[in-house]
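*Asks:* Next comes data_8.txt, compact mmCIF, C-alpha atoms:
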```txt
# COMPACT_ATOMS: atom_id res chain seq x y z
CA MET A 18 -16.96 2.05 -10.53
CA THR A 19 -17.59 4.57 -13.24
CA THR A 20 -15.04 5.69 -15.77
CA ASP A 21 -15.58 9.34 -16.62
CA THR A 22 -17.37 11.99 -14.67
CA PRO A 23 -20.97 10.80 -14.77
CA VAL A 24 -24.21 12.47 -13.91
CA ARG A 25 -25.57 10.87 -10.77
CA ASP A 26 -29.28 10.48 -10.64
CA GLY A 27 -31.66 8.20 -8.76
CA LEU A 28 -31.65 10.44 -5.70
CA ASP A 29 -35.40 10.53 -5.79
CA PHE A 30 -35.17 7.15 -4.12
CA PRO A 31 -33.17 7.58 -0.93
CA LEU A 32 -32.23 4.37 0.84
CA PRO A 33 -33.93 3.34 4.09
CA GLY A 34 -32.25 5.32 6.84
CA LEU A 35 -30.23 7.44 4.42
CA ALA A 36 -30.79 10.85 2.84
CA ILE A 37 -28.83 10.06 -0.33
CA GLY A 38 -29.77 7.78 -3.18
CA ASP A 39 -28.44 4.46 -4.33
CA ASP A 40 -26.20 6.01 -6.98
CA VAL A 41 -24.42 8.31 -4.57
CA ALA A 42 -24.09 5.63 -1.88
CA ASP A 43 -22.55 3.36 -4.51
CA LEU A 44 -20.24 6.06 -5.88
CA LEU A 45 -18.90 7.15 -2.50
CA PHE A 46 -18.92 3.95 -0.47
CA ARG A 47 -20.53 0.72 -1.60
CA GLU A 48 -19.19 0.18 -5.10
CA ALA A 49 -16.03 2.28 -4.83
CA ARG A 50 -12.82 0.29 -4.65
CA SER A 51 -9.19 1.13 -4.02
CA ALA A 52 -7.48 1.15 -7.41
CA ALA A 53 -4.10 -0.35 -8.23
CA ALA A 54 -4.12 0.60 -11.93
CA PHE A 55 -5.66 3.43 -13.93
CA THR A 56 -6.50 4.44 -17.48
CA SER A 57 -4.26 6.97 -19.21
CA ALA A 58 -6.80 9.78 -18.62
CA ASP A 59 -5.34 12.84 -16.92
CA VAL A 60 -6.35 14.31 -13.59
CA SER A 61 -6.22 18.10 -13.83
CA ASP A 62 -5.18 20.58 -11.18
CA GLU A 63 -8.70 21.99 -11.45
CA GLN A 64 -10.14 18.62 -10.46
CA LEU A 65 -7.83 18.32 -7.48
CA ALA A 66 -8.69 21.86 -6.40
CA ALA A 67 -12.41 21.03 -6.68
CA VAL A 68 -11.88 17.99 -4.46
CA TYR A 69 -9.94 20.07 -1.95
CA ASP A 70 -12.63 22.76 -1.95
CA LEU A 71 -15.13 20.11 -0.92
CA VAL A 72 -12.96 18.26 1.58
CA LYS A 73 -11.67 21.37 3.35
CA TRP A 74 -15.09 21.83 4.99
CA GLY A 75 -14.91 18.62 6.99
CA PRO A 76 -14.59 19.26 10.73
CA THR A 77 -11.33 19.04 12.68
CA ALA A 78 -10.46 19.85 16.28
CA LEU A 79 -10.33 23.65 16.75
CA ASN A 80 -10.59 23.97 12.95
CA THR A 81 -6.90 23.08 12.69
CA VAL A 82 -7.37 21.48 9.23
CA PRO A 83 -3.72 20.30 9.13
CA LEU A 84 -3.98 18.10 6.00
CA ARG A 85 -1.55 19.07 3.27
CA LEU A 86 -1.11 17.62 -0.23
CA LEU A 87 2.08 17.17 -2.20
CA VAL A 88 0.92 16.70 -5.79
CA VAL A 89 3.50 14.59 -7.62
CA ARG A 90 3.37 15.05 -11.40
CA THR A 91 6.75 15.36 -13.09
CA PRO A 92 8.77 12.27 -14.05
CA GLU A 93 11.62 13.52 -11.89
CA ALA A 94 9.41 13.98 -8.82
CA ARG A 95 7.84 10.54 -9.37
CA GLN A 96 11.30 8.96 -9.34
CA ARG A 97 12.22 10.79 -6.15
CA LEU A 98 9.05 9.52 -4.47
CA ALA A 99 9.18 6.00 -5.90
CA ALA A 100 12.65 5.52 -4.42
CA HIS A 101 11.08 5.60 -0.94
CA MET A 102 8.09 3.37 -1.63
CA SER A 103 8.05 -0.32 -0.75
CA ASP A 104 8.70 -2.72 -3.62
CA GLY A 105 5.09 -3.46 -4.50
CA ASN A 106 4.14 0.21 -4.58
CA ARG A 107 7.04 1.68 -6.57
CA ASP A 108 5.72 0.92 -10.05
CA ARG A 109 2.26 2.16 -9.08
CA VAL A 110 3.65 5.60 -8.27
CA LEU A 111 5.49 5.70 -11.59
CA ALA A 112 2.37 4.65 -13.53
CA ALA A 113 -0.41 6.67 -11.86
CA PRO A 114 -1.85 9.76 -13.61
CA VAL A 115 -1.07 11.73 -10.47
CA THR A 116 0.08 10.80 -6.98
CA LEU A 117 -0.64 12.64 -3.74
CA VAL A 118 1.60 12.49 -0.71
CA VAL A 119 -0.89 13.30 2.02
CA ALA A 120 0.78 14.94 4.98
CA ALA A 121 0.13 16.56 8.34
CA ASP A 122 1.45 20.08 8.84
CA THR A 123 3.09 20.30 12.28
CA GLY A 124 3.17 24.07 11.75
CA PHE A 125 -0.63 24.26 11.52
CA HIS A 126 -0.75 26.50 14.60
CA ARG A 127 0.64 29.43 12.59
CA HIS A 128 -2.68 29.55 10.74
CA LEU A 129 -4.85 29.53 13.88
CA PRO A 130 -5.17 33.33 14.05
CA THR A 131 -7.01 33.02 10.72
CA LEU A 132 -8.69 29.62 11.17
CA ALA A 133 -9.69 29.98 14.82
CA PRO A 134 -9.21 33.61 15.93
CA HIS A 135 -10.35 32.84 19.49
CA MET A 136 -7.43 30.39 19.73
CA THR A 137 -4.65 32.83 18.91
CA ALA A 138 -3.23 32.69 22.45
CA PHE A 139 -3.26 28.89 22.31
CA ALA A 140 -1.27 29.08 19.06
CA ASP A 141 1.49 30.84 21.01
CA VAL A 142 1.45 28.05 23.60
CA LEU A 143 1.65 25.40 20.88
CA GLU A 144 4.74 27.06 19.41
CA GLY A 145 6.71 25.70 22.36
CA GLN A 146 5.06 22.24 22.27
CA PRO A 147 6.29 20.41 19.16
CA GLU A 148 5.22 16.97 20.42
CA GLN A 149 1.69 18.18 21.11
CA ARG A 150 1.59 19.76 17.66
CA ASP A 151 2.82 16.59 16.02
CA SER A 152 0.09 14.56 17.70
CA MET A 153 -2.68 17.07 16.93
CA ALA A 154 -1.55 17.39 13.31
CA ARG A 155 -1.46 13.62 12.71
CA THR A 156 -4.76 12.91 14.45
CA ASN A 157 -6.72 15.56 12.60
CA ALA A 158 -5.03 15.08 9.23
CA LEU A 159 -5.87 11.36 9.38
CA ILE A 160 -9.54 12.20 9.88
CA GLN A 161 -9.21 14.50 6.88
CA VAL A 162 -7.73 11.61 4.86
CA GLY A 163 -11.11 9.96 5.32
CA TYR A 164 -12.82 13.07 3.92
CA LEU A 165 -10.30 13.15 1.07
CA VAL A 166 -10.94 9.58 -0.08
CA ILE A 167 -14.68 10.30 -0.23
CA GLY A 168 -14.04 13.65 -1.91
CA LEU A 169 -11.95 12.06 -4.67
CA ARG A 170 -14.76 9.61 -5.34
CA ALA A 171 -17.25 12.49 -5.36
CA ALA A 172 -15.21 13.88 -8.26
CA GLY A 173 -15.61 10.61 -10.16
CA LEU A 174 -11.98 9.71 -9.47
CA ALA A 175 -10.55 6.46 -8.15
CA ALA A 176 -8.10 6.48 -5.25
CA GLY A 177 -5.36 3.98 -4.51
CA PRO A 178 -4.15 4.65 -0.95
CA MET A 179 -0.82 3.06 0.01
CA GLY A 180 0.93 2.94 3.36
CA GLY A 181 3.96 0.92 2.31
CA MET A 182 6.66 3.60 2.25
CA GLU A 183 9.56 5.05 4.21
CA ALA A 184 7.77 8.03 5.72
CA GLN A 185 10.87 9.59 7.27
CA ALA A 186 12.79 9.37 4.00
CA ILE A 187 9.89 11.01 2.15
CA ASP A 188 9.81 13.79 4.74
CA ASP A 189 13.56 14.32 4.34
CA GLU A 190 13.21 14.32 0.56
CA PHE A 191 10.29 16.72 0.21
CA PHE A 192 9.46 18.33 3.54
CA ALA A 193 12.81 19.24 5.09
CA GLU A 194 11.88 22.90 5.24
CA ASN A 195 8.12 23.05 5.81
CA GLY A 196 7.54 20.63 8.70
CA TRP A 197 5.03 18.44 6.91
CA LYS A 198 4.91 14.77 7.96
CA SER A 199 3.85 12.24 5.35
CA LEU A 200 0.98 9.97 6.37
CA MET A 201 0.17 8.04 3.24
CA VAL A 202 0.48 8.06 -0.53
CA ILE A 203 -2.63 8.05 -2.72
CA ASN A 204 -2.51 7.34 -6.45
CA VAL A 205 -5.35 9.08 -8.26
CA GLY A 206 -6.89 8.50 -11.67
CA HIS A 207 -9.73 6.93 -13.57
CA VAL A 208 -10.57 3.25 -13.84
CA GLU A 209 -12.26 1.42 -16.69
CA GLY A 210 -15.42 -0.44 -15.74
CA GLU A 211 -14.75 -2.52 -12.67
CA GLY A 212 -11.01 -1.90 -12.81
CA THR A 213 -8.61 -4.71 -11.95
CA HIS A 214 -9.56 -5.53 -8.43
CA ARG A 215 -9.06 -8.39 -6.08
CA PRO A 216 -12.29 -9.84 -4.69
CA ARG A 217 -13.74 -7.49 -2.14
CA GLY A 218 -12.75 -8.16 1.46
CA GLU A 219 -15.34 -8.96 4.09
CA ARG A 220 -16.46 -6.38 6.63
CA LEU A 221 -17.58 -6.76 10.23
CA SER A 222 -21.31 -6.37 10.84
CA TYR A 223 -22.78 -3.54 12.87
CA ALA A 224 -23.39 -6.06 15.66
CA GLN A 225 -19.71 -7.05 15.63
CA ALA A 226 -18.38 -3.50 15.52
CA SER A 227 -20.63 -1.83 18.07
CA LEU A 228 -21.82 -2.08 21.65
CA THR A 229 -24.86 -0.31 23.08
CA VAL A 230 -25.05 0.81 26.71
CA MET B 13 -28.59 21.91 7.32
CA THR B 14 -31.78 19.94 6.91
CA THR B 15 -33.97 18.73 9.74
CA ASP B 16 -35.57 15.43 8.81
CA THR B 17 -34.48 12.91 6.24
CA PRO B 18 -35.01 14.77 2.98
CA VAL B 19 -35.06 13.65 -0.59
CA ARG B 20 -31.94 14.97 -2.28
CA ASP B 21 -32.39 16.02 -5.84
CA GLY B 22 -30.58 18.37 -8.18
CA LEU B 23 -28.02 15.73 -9.10
CA ASP B 24 -28.77 16.32 -12.75
CA PHE B 25 -26.50 19.32 -12.36
CA PRO B 26 -23.15 18.08 -11.13
CA LEU B 27 -20.68 20.77 -10.10
CA PRO B 28 -17.65 21.58 -12.24
CA GLY B 29 -15.06 18.93 -11.49
CA LEU B 30 -17.43 16.86 -9.38
CA ALA B 31 -19.69 13.89 -10.09
CA ILE B 32 -22.25 14.76 -7.43
CA GLY B 33 -24.76 17.58 -7.42
CA ASP B 34 -25.02 20.74 -5.38
CA ASP B 35 -27.49 19.22 -2.92
CA VAL B 36 -25.25 16.29 -2.05
CA ALA B 37 -22.11 18.44 -1.87
CA ASP B 38 -23.95 20.75 0.51
CA LEU B 39 -25.37 17.91 2.60
CA LEU B 40 -22.07 16.09 3.04
CA PHE B 41 -19.53 18.91 3.09
CA ARG B 42 -20.30 22.50 2.26
CA GLU B 43 -23.35 23.30 4.36
CA ALA B 44 -22.92 20.65 7.03
CA ARG B 45 -21.81 21.96 10.41
CA SER B 46 -20.72 20.38 13.65
CA ALA B 47 -23.69 20.55 16.00
CA ALA B 48 -23.62 21.51 19.67
CA ALA B 49 -27.37 21.17 20.27
CA PHE B 50 -30.09 19.00 18.76
CA THR B 51 -33.86 18.71 18.51
CA SER B 52 -35.60 16.10 20.65
CA ALA B 53 -35.99 13.75 17.65
CA ASP B 54 -34.66 10.25 18.27
CA VAL B 55 -31.90 8.50 16.39
CA SER B 56 -32.79 4.84 16.00
CA ASP B 57 -30.50 1.83 16.06
CA GLU B 58 -31.64 1.14 12.51
CA GLN B 59 -30.33 4.54 11.41
CA LEU B 60 -26.98 3.96 13.08
CA ALA B 61 -26.75 0.53 11.50
CA ALA B 62 -27.52 2.05 8.09
CA VAL B 63 -24.72 4.57 8.61
CA TYR B 64 -22.33 1.81 9.64
CA ASP B 65 -23.30 -0.31 6.64
CA LEU B 66 -22.25 2.58 4.40
CA VAL B 67 -19.12 3.59 6.28
CA LYS B 68 -17.75 0.07 6.69
CA TRP B 69 -16.84 0.00 2.98
CA GLY B 70 -14.28 2.79 3.21
CA PRO B 71 -10.73 1.54 2.66
CA THR B 72 -8.23 0.86 5.46
CA ALA B 73 -4.74 -0.63 5.43
CA LEU B 74 -4.96 -4.41 4.89
CA ASN B 75 -8.74 -4.09 5.36
CA THR B 76 -8.18 -3.89 9.12
CA VAL B 77 -11.33 -1.71 9.63
CA PRO B 78 -10.55 -1.21 13.35
CA LEU B 79 -13.23 1.43 14.08
CA ARG B 80 -15.63 0.46 16.85
CA LEU B 81 -18.65 2.30 18.21
CA LEU B 82 -19.92 2.47 21.75
CA VAL B 83 -23.51 3.66 21.45
CA VAL B 84 -24.44 5.51 24.64
CA ARG B 85 -28.19 5.67 25.22
CA THR B 86 -29.29 5.00 28.80
CA PRO B 87 -29.30 7.78 31.41
CA GLU B 88 -26.93 5.72 33.54
CA ALA B 89 -24.43 5.22 30.69
CA ARG B 90 -24.60 8.91 29.80
CA GLN B 91 -23.68 9.81 33.37
CA ARG B 92 -20.77 7.38 33.34
CA LEU B 93 -19.46 8.94 30.12
CA ALA B 94 -20.18 12.56 31.08
CA ALA B 95 -18.04 12.17 34.20
CA HIS B 96 -14.98 11.85 31.95
CA MET B 97 -15.76 14.68 29.54
CA SER B 98 -14.25 18.14 29.88
CA ASP B 99 -16.48 20.78 31.46
CA GLY B 100 -17.80 22.29 28.26
CA ASN B 101 -18.74 18.91 26.81
CA ARG B 102 -20.42 17.23 29.79
CA ASP B 103 -23.88 18.75 29.34
CA ARG B 104 -23.77 18.05 25.63
CA VAL B 105 -23.38 14.32 26.28
CA LEU B 106 -26.28 14.40 28.73
CA ALA B 107 -28.52 16.27 26.26
CA ALA B 108 -27.77 14.58 22.92
CA PRO B 109 -30.29 12.10 21.43
CA VAL B 110 -27.47 9.58 21.24
CA THR B 111 -23.71 9.72 21.77
CA LEU B 112 -21.05 7.59 20.13
CA VAL B 113 -17.70 6.88 21.70
CA VAL B 114 -15.64 6.13 18.60
CA ALA B 115 -12.79 3.77 19.37
CA ALA B 116 -9.95 1.83 17.80
CA ASP B 117 -9.89 -1.92 18.45
CA THR B 118 -6.32 -2.95 19.29
CA GLY B 119 -7.50 -6.55 18.91
CA PHE B 120 -8.42 -6.00 15.25
CA HIS B 121 -5.89 -8.63 14.17
CA ARG B 122 -8.12 -11.42 15.47
CA HIS B 123 -10.52 -10.64 12.63
CA LEU B 124 -7.86 -10.70 9.89
CA PRO B 125 -8.45 -14.37 8.98
CA THR B 126 -11.94 -13.21 7.92
CA LEU B 127 -11.18 -9.67 6.73
CA ALA B 128 -7.89 -10.39 4.96
CA PRO B 129 -7.40 -14.17 4.64
CA HIS B 130 -4.02 -13.76 2.93
CA MET B 131 -2.81 -11.95 6.08
CA THR B 132 -3.57 -14.71 8.56
CA ALA B 133 0.12 -15.36 9.21
CA PHE B 134 0.68 -11.66 9.80
CA ALA B 135 -2.14 -11.70 12.36
CA ASP B 136 -0.10 -14.21 14.36
CA VAL B 137 2.92 -11.90 14.21
CA LEU B 138 0.81 -8.96 15.37
CA GLU B 139 -0.39 -10.92 18.40
CA GLY B 140 3.07 -10.37 19.91
CA GLN B 141 3.33 -6.72 18.86
CA PRO B 142 0.89 -4.69 20.97
CA GLU B 143 2.54 -1.34 20.18
CA GLN B 144 2.36 -1.96 16.44
CA ARG B 145 -1.29 -2.98 16.81
CA ASP B 146 -2.06 0.14 18.83
CA SER B 147 -0.54 2.35 16.15
CA MET B 148 -2.24 0.54 13.25
CA ALA B 149 -5.59 0.56 15.04
CA ARG B 150 -5.47 4.29 15.81
CA THR B 151 -4.23 5.34 12.37
CA ASN B 152 -6.86 3.40 10.45
CA ALA B 153 -9.72 4.06 12.85
CA LEU B 154 -9.04 7.81 12.58
CA ILE B 155 -9.37 7.59 8.80
CA GLN B 156 -12.64 5.75 9.39
CA VAL B 157 -13.79 8.59 11.66
CA GLY B 158 -13.65 10.75 8.53
CA TYR B 159 -15.86 8.26 6.71
CA LEU B 160 -18.20 8.14 9.72
CA VAL B 161 -18.76 11.90 9.88
CA ILE B 162 -19.70 11.91 6.19
CA GLY B 163 -21.83 8.79 6.65
CA LEU B 164 -23.83 10.38 9.48
CA ARG B 165 -24.53 13.37 7.26
CA ALA B 166 -25.53 11.04 4.43
CA ALA B 167 -28.22 9.74 6.78
CA GLY B 168 -29.53 13.28 7.28
CA LEU B 169 -28.05 13.40 10.78
CA ALA B 170 -25.93 16.09 12.39
CA ALA B 171 -22.69 15.16 14.17
CA GLY B 172 -21.04 16.98 17.03
CA PRO B 173 -17.50 15.57 17.38
CA MET B 174 -15.69 16.37 20.63
CA GLY B 175 -12.13 15.65 21.64
CA GLY B 176 -12.24 17.22 25.12
CA MET B 177 -12.30 14.13 27.33
CA GLU B 178 -10.16 11.89 29.50
CA ALA B 179 -9.57 9.09 27.03
CA GLN B 180 -7.81 6.77 29.47
CA ALA B 181 -10.59 7.13 32.02
CA ILE B 182 -13.19 6.35 29.35
CA ASP B 183 -11.22 3.27 28.33
CA ASP B 184 -11.04 2.14 31.95
CA GLU B 185 -14.76 2.77 32.40
CA PHE B 186 -16.05 1.02 29.28
CA PHE B 187 -13.27 -0.90 27.55
CA ALA B 188 -11.36 -2.64 30.34
CA GLU B 189 -12.07 -6.04 28.83
CA ASN B 190 -12.19 -5.57 25.07
CA GLY B 191 -9.05 -3.55 24.28
CA TRP B 192 -10.83 -0.68 22.54
CA LYS B 193 -9.15 2.73 22.76
CA SER B 194 -11.40 5.78 22.67
CA LEU B 195 -10.50 8.36 20.02
CA MET B 196 -13.32 10.85 20.18
CA VAL B 197 -16.91 11.34 21.25
CA ILE B 198 -19.57 12.26 18.69
CA ASN B 199 -23.02 13.49 19.67
CA VAL B 200 -25.59 12.59 17.03
CA GLY B 201 -29.05 13.96 16.34
CA HIS B 202 -31.11 16.30 14.22
CA VAL B 203 -30.87 20.07 14.02
CA GLU B 204 -33.58 22.55 13.23
CA GLY B 205 -32.89 24.83 10.27
CA GLU B 206 -29.40 26.26 10.60
CA GLY B 207 -28.99 25.00 14.15
CA THR B 208 -27.22 27.16 16.72
CA HIS B 209 -23.82 27.60 15.20
CA ARG B 210 -20.94 29.94 15.64
CA PRO B 211 -19.91 31.73 12.44
CA ARG B 212 -18.13 29.31 10.17
CA GLY B 213 -14.35 29.24 10.49
CA GLU B 214 -12.10 30.09 7.57
CA ARG B 215 -10.31 27.42 5.58
CA LEU B 216 -6.96 27.45 3.81
CA SER B 217 -7.11 27.67 0.03
CA TYR B 218 -5.91 24.87 -2.23
CA ALA B 219 -2.87 27.01 -3.02
CA GLN B 220 -2.06 27.29 0.69
CA ALA B 221 -2.60 23.62 1.46
CA SER B 222 -0.83 22.01 -1.49
CA LEU B 223 2.48 21.95 -3.33
CA THR B 224 2.99 20.57 -6.83
CA VAL B 225 6.26 18.97 -7.94
```
For this file, produce the structure as structure tokens.
*Replies:*
Amino acid sequence: MTTDTPVRDGLDFPLPGLAIGDDVADLLFREARSAAAFTSADVSDEQLAAVYDLVKWGPTALNTVPLRLLVVRTPEARQRLAAHMSDGNRDRVLAAPVTLVVAADTGFHRHLPTLAPHMTAFADVLEGQPEQRDSMARTNALIQVGYLVIGLRAAGLAAGPMGGMEAQAIDDEFFAENGWKSLMVINVGHVEGEGTHRPRGERLSYAQASLTV
Amino acid sequence: MTTDTPVRDGLDFPLPGLAIGDDVADLLFREARSAAAFTSADVSDEQLAAVYDLVKWGPTALNTVPLRLLVVRTPEARQRLAAHMSDGNRDRVLAAPVTLVVAADTGFHRHLPTLAPHMTAFADVLEGQPEQRDSMARTNALIQVGYLVIGLRAAGLAAGPMGGMEAQAIDDEFFAENGWKSLMVINVGHVEGEGTHRPRGERLSYAQASLTV
């Protein structure tokens, strides 16, 4: 894992079967690790906006793009969030340079006239189907969480995703008026060298994780 | 969108706020489009394995990595799958170089002694909690779908994700014995030049999709 925003090179040597080079494959997937602790270096709003402007292009069903980000910066907001995290995760929220509550917007359909003009009539149908909207928002925002993790790494940042939290309490605390549903919390920052990681977990092989018919 | 596996360069000029170059940002996010039609070029098992070997490293809760892939190649298997796709998607399955049924393995806990040895006791608890396993498998496999879409693009491939299908019927048809739950179908292949795309949909701005506290 790299510390500051590096220049990636080595793309003149794409890997067998891939169109990107070793450096990029390492940065985005192979060497990247979930981070539990960070250096004191800041993460600017400009950096987060650059990540979003990359990640927003990832495909979702009907172009619903329901992922929303609560960017938690102030000491007061950190305390409000930390109160609803599980024990092991509380101090991490208080210590991270910035923390994102990633959420699904159950009101995504209100944007469909802009995002998918041919679906405007369907947006009216969805207005009366809150359960359907909840399911669509969660499904597609979770796919976008995958894009987001890669996008953070593409900005030279380290991500520490955490699921151990009281989601309903977080929604009541922050999203009572806008209908967002929290999915996960991601601490974001920089790590020094290899960071402070546990040994890397095993993965299943392609043969274990796939079937061909 | 590029046609064959190109050499990416230009990474000596990373974008403001990003650690990757224009070419890679375009390939993975900005210029990539969901594809409805493909050239006749094959997609080999080796290419799919290379994609998996990249994507498998993306983080999931407790390292559960529950994403599974059904690789649909034979004419007979295509017909079996196409029968359960919605009208607009049936011909696309029959025509694609290869089609993936992406699924969540509700039996993921059986791998935890290997994937997360410190969670072996929890795996025993999960054995008696099928609803909890279903939820964990779907949540984490959906995040992995995000990694997969980016991973396919990193291999120079185009992805055509489709949600219009009878998921239960597909599970009955292909997964009656292994407990996989289908999430989505992704056609995979190569596209020529810009492909045959509809105009690109709008996206929400960072200001619209985020709140800072």
*Asks:* Counting all atoms listed in the file, which residue out of B:Gly140, B:Pro28, B:Gly201, B:Gly70 sits closest to Ala167 (chain B)?
*Replies:*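 Counting all atoms listed in the file, the residue closest to Ala167 (chain B) is B:Gly201.
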*Asks:* Give me the residues near region 127-130 of chain B as a PyMOL selection string, where near means some atom within 10 Å (using all atoms listed in the file) and where sequence neighbours in that chain fewer than 3 positions away do not count.
*Replies:* (chain A and resi 217-221) or (chain B and resi 74-77+120-124+133-135)
*Asks:* Selected residues, C-alpha atoms, written as a PDB file, in the coordinates of the input, please.
*Replies:*
```
ATOM      1  CA  ARG A 217     -13.740  -7.490  -2.140  1.00  0.00           C
ATOM      2  CA  GLY A 218     -12.750  -8.160   1.460  1.00  0.00           C
ATOM      3  CA  GLU A 219     -15.340  -8.960   4.090  1.00  0.00           C
ATOM      4  CA  ARG A 220     -16.460  -6.380   6.630  1.00  0.00           C
ATOM      5  CA  LEU A 221     -17.580  -6.760  10.230  1.00  0.00           C
TER       6      LEU A 221
ATOM      7  CA  LEU B  74      -4.960  -4.410   4.890  1.00  0.00           C
ATOM      8  CA  ASN B  75      -8.740  -4.090   5.360  1.00  0.00           C
ATOM      9  CA  THR B  76      -8.180  -3.890   9.120  1.00  0.00           C
ATOM     10  CA  VAL B  77     -11.330  -1.710   9.630  1.00  0.00           C
ATOM     11  CA  PHE B 120      -8.420  -6.000  15.250  1.00  0.00           C
ATOM     12  CA  HIS B 121      -5.890  -8.630  14.170  1.00  0.00           C
ATOM     13  CA  ARG B 122      -8.120 -11.420  15.470  1.00  0.00           C
ATOM     14  CA  HIS B 123     -10.520 -10.640  12.630  1.00  0.00           C
ATOM     15  CA  LEU B 124      -7.860 -10.700   9.890  1.00  0.00           C
ATOM     16  CA  ALA B 133       0.120 -15.360   9.210  1.00  0.00           C
ATOM     17  CA  PHE B 134       0.680 -11.660   9.800  1.00  0.00           C
ATOM     18  CA  ALA B 135      -2.140 -11.700  12.360  1.00  0.00           C
TER      19      ALA B 135
END
```
*Asks:* For Ala171 (chain B), which residue among B:Ala48, B:Val114, B:Leu66, B:Val55 is the nearest when counting all atoms listed in the file?
*Replies:*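 Ranking B:Ala48, B:Val114, B:Leu66, B:Val55 by distance to Ala171 (chain B), first place goes to B:Ala48.
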*Asks:* Between B:Ala89, B:Leu164, B:Ala73, B:Leu39, which one has atoms that come closest to Leu228 (chain A), using only C-alpha atoms?
*Replies:*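 The answer is B:Ala89, which sits nearest to Leu228 (chain A).
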*Asks:* Which distance in Å separates CA of Ala49 (chain A) and CA of Pro71 (chain B), to one decimal?
*Replies:*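 Separating CA of Ala49 (chain A) from CA of Pro71 (chain B) is a distance of 9.2 Å.
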*Asks:* Give me the residues within 9 Å of Gln180 (chain B) as a list of chain:residue names, counting all atoms listed in the file and dropping any in the same chain fewer than 3 places off.
*Replies:* B:Met177, B:Asp183, B:Asp184, B:Glu185, B:Lys193, B:Ser194
*Asks:* Any chance you could export the current selection's C-alpha atoms as a PDB file, in the frame of the given file?
*Replies:*
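So the final result, stored in selection.pdb, reads:
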```pdb
ATOM      1  CA  MET B 177     -12.300  14.130  27.330  1.00  0.00           C
ATOM      2  CA  ASP B 183     -11.220   3.270  28.330  1.00  0.00           C
ATOM      3  CA  ASP B 184     -11.040   2.140  31.950  1.00  0.00           C
ATOM      4  CA  GLU B 185     -14.760   2.770  32.400  1.00  0.00           C
ATOM      5  CA  LYS B 193      -9.150   2.730  22.760  1.00  0.00           C
ATOM      6  CA  SER B 194     -11.400   5.780  22.670  1.00  0.00           C
TER       7      SER B 194
END
```
*Asks:* From the options A:Asn204, A:Ser152, A:Asn195, A:Thr131, which residue's atoms come nearest to chain B, counting all atoms listed in the file?
*Replies:*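 Closest candidate: A:Thr131.
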*Asks:* Residues of chain A within 6 Å of chain B, using all atoms listed in the file, as an MDAnalysis selection string?
*Replies:* chainID A and resid 22:23 25:26 28 34:37 46:47 64 66:67 74 85:90 94 132 159:160 162:164 171:173 218:219 223 226:230
